[in-house]
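Visitor: Have a peek at my_file-v6.cif (mmCIF, C-alpha atoms).
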```cif
data_start
#
loop_
_atom_site.group_PDB
_atom_site.id
_atom_site.type_symbol
_atom_site.label_atom_id
_atom_site.label_comp_id
_atom_site.auth_asym_id
_atom_site.auth_seq_id
_atom_site.Cartn_x
_atom_site.Cartn_y
_atom_site.Cartn_z
ATOM 1 C CA MET X 216 -3.985 16.776 -38.832
ATOM 2 C CA GLU X 217 -0.340 17.587 -38.115
ATOM 3 C CA ALA X 218 1.223 16.686 -34.744
ATOM 4 C CA ASP X 219 2.282 19.556 -32.501
ATOM 5 C CA GLN X 220 6.016 20.114 -33.056
ATOM 6 C CA HIS X 221 6.465 21.188 -29.440
ATOM 7 C CA ALA X 222 4.720 18.228 -27.844
ATOM 8 C CA GLN X 223 7.038 16.144 -25.693
ATOM 9 C CA GLU X 224 7.219 12.420 -26.082
ATOM 10 C CA ILE X 225 5.888 10.596 -23.031
ATOM 11 C CA LYS X 226 8.538 8.151 -21.870
ATOM 12 C CA LEU X 227 7.726 4.925 -20.084
ATOM 13 C CA PRO X 228 9.179 4.543 -16.581
ATOM 14 C CA ILE X 229 12.391 2.578 -16.192
ATOM 15 C CA PRO X 230 11.576 -1.010 -15.174
ATOM 16 C CA GLU X 231 12.205 -1.781 -11.514
ATOM 17 C CA HIS X 232 15.071 -4.098 -10.649
ATOM 18 C CA ASN X 233 15.735 -5.890 -7.382
ATOM 19 C CA THR X 234 12.812 -4.251 -5.578
ATOM 20 C CA GLU X 235 11.085 -7.413 -4.370
ATOM 21 C CA LYS X 236 12.166 -6.837 -0.767
ATOM 22 C CA LEU X 237 11.295 -3.139 -0.604
ATOM 23 C CA PRO X 238 8.062 -2.258 1.213
ATOM 24 C CA SER X 239 4.987 -1.231 -0.765
ATOM 25 C CA ALA X 240 1.955 0.709 0.377
ATOM 26 C CA VAL X 241 -1.562 -0.697 0.484
ATOM 27 C CA THR X 242 -4.042 2.159 0.532
ATOM 28 C CA PHE X 243 -7.807 2.205 0.806
ATOM 29 C CA PHE X 244 -10.368 4.682 2.058
ATOM 30 C CA MET X 245 -13.109 4.388 4.646
ATOM 31 C CA ALA X 246 -15.262 6.574 6.824
ATOM 32 C CA THR X 247 -13.818 7.910 10.095
ATOM 33 C CA LYS X 248 -15.850 5.539 12.278
ATOM 34 C CA GLN X 249 -14.845 2.562 10.137
ATOM 35 C CA ARG X 250 -11.170 3.537 10.305
ATOM 36 C CA ARG X 251 -11.339 3.875 14.082
ATOM 37 C CA ALA X 252 -13.027 0.460 14.372
ATOM 38 C CA VAL X 253 -10.393 -1.176 12.150
ATOM 39 C CA LEU X 254 -7.517 0.362 14.121
ATOM 40 C CA ASN X 255 -9.106 -0.725 17.415
ATOM 41 C CA ALA X 256 -9.535 -4.264 16.100
ATOM 42 C CA LEU X 257 -5.929 -4.391 14.869
ATOM 43 C CA ALA X 258 -4.584 -3.089 18.193
ATOM 44 C CA VAL X 259 -5.548 -6.424 19.768
ATOM 45 C CA PHE X 260 -2.903 -8.137 17.629
ATOM 46 C CA SER X 261 -0.017 -5.649 17.767
ATOM 47 C CA SER X 262 0.794 -1.974 18.233
ATOM 48 C CA ASP X 263 2.545 -2.137 14.835
ATOM 49 C CA ARG X 264 -0.218 -1.762 12.235
ATOM 50 C CA SER X 265 1.654 -3.668 9.528
ATOM 51 C CA GLN X 266 2.279 -6.602 11.864
ATOM 52 C CA ALA X 267 -1.272 -6.450 13.207
ATOM 53 C CA ILE X 268 -2.914 -6.707 9.801
ATOM 54 C CA LEU X 269 -0.630 -9.582 8.764
ATOM 55 C CA ILE X 270 -1.485 -11.430 11.981
ATOM 56 C CA ALA X 271 -5.229 -10.708 11.613
ATOM 57 C CA LEU X 272 -5.203 -12.032 8.061
ATOM 58 C CA GLY X 273 -3.330 -15.182 9.093
ATOM 59 C CA ILE X 274 -0.319 -14.336 6.932
ATOM 60 C CA ILE X 275 2.073 -14.486 9.886
ATOM 61 C CA GLU X 276 1.684 -16.017 13.333
ATOM 62 C CA HIS X 277 1.289 -13.980 16.495
ATOM 63 C CA GLU X 278 4.619 -13.882 18.313
#
```
Could you render the structure from this file as structure tokens?
Guide:
Amino acid sequence: MEADQHAQEIKLPIPEHNTEKLPSAVTFFMATKQRRAVLNALAVFSSDRSQAILIALGIIEHE
């Protein structure tokens, strides 16, 4: 079988450099009631969701 002459070659993405300090997203899905419960629980730690989850997980200390 002959390859399609018009098919484009898929190129790999350029490797990332010096991106260790850039923020990255953590995404997961849950039901509306679960999301509300998680946000309410995190609000006890901080109004900043990123800080709140890090505090709740013991990754950083509460300031």
Visitor: Just the number, please: distance in Å from atom CA of X:Leu257 to atom CA of X:Ile270, one decimal.
Guide: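 If I compute the distance from atom CA of X:Leu257 to atom CA of X:Ile270, I get 8.8 Å.
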Visitor: Using atom CA of X:Glu276 and atom CA of X:Val253 as the two end points, give the distance in Å to one decimal.
Guide: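 Here the two named atoms are 19.2 Å from each other.
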Visitor: Excluding same-chain residues fewer than 6 positions from stretch 241-248 of chain X, what lies within 12 Å of it counting only C-alpha atoms, as a PyMOL selection string?
Guide: chain X and resi 254-255+264-265+268
Visitor: Enter the distance from atom CA of X:Ser239 to atom CA of X:Leu272, in Å, rounded to one decimal.
Guide: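 Atom-to-atom, atom CA of X:Ser239 and atom CA of X:Leu272 are spaced 17.3 Å apart.
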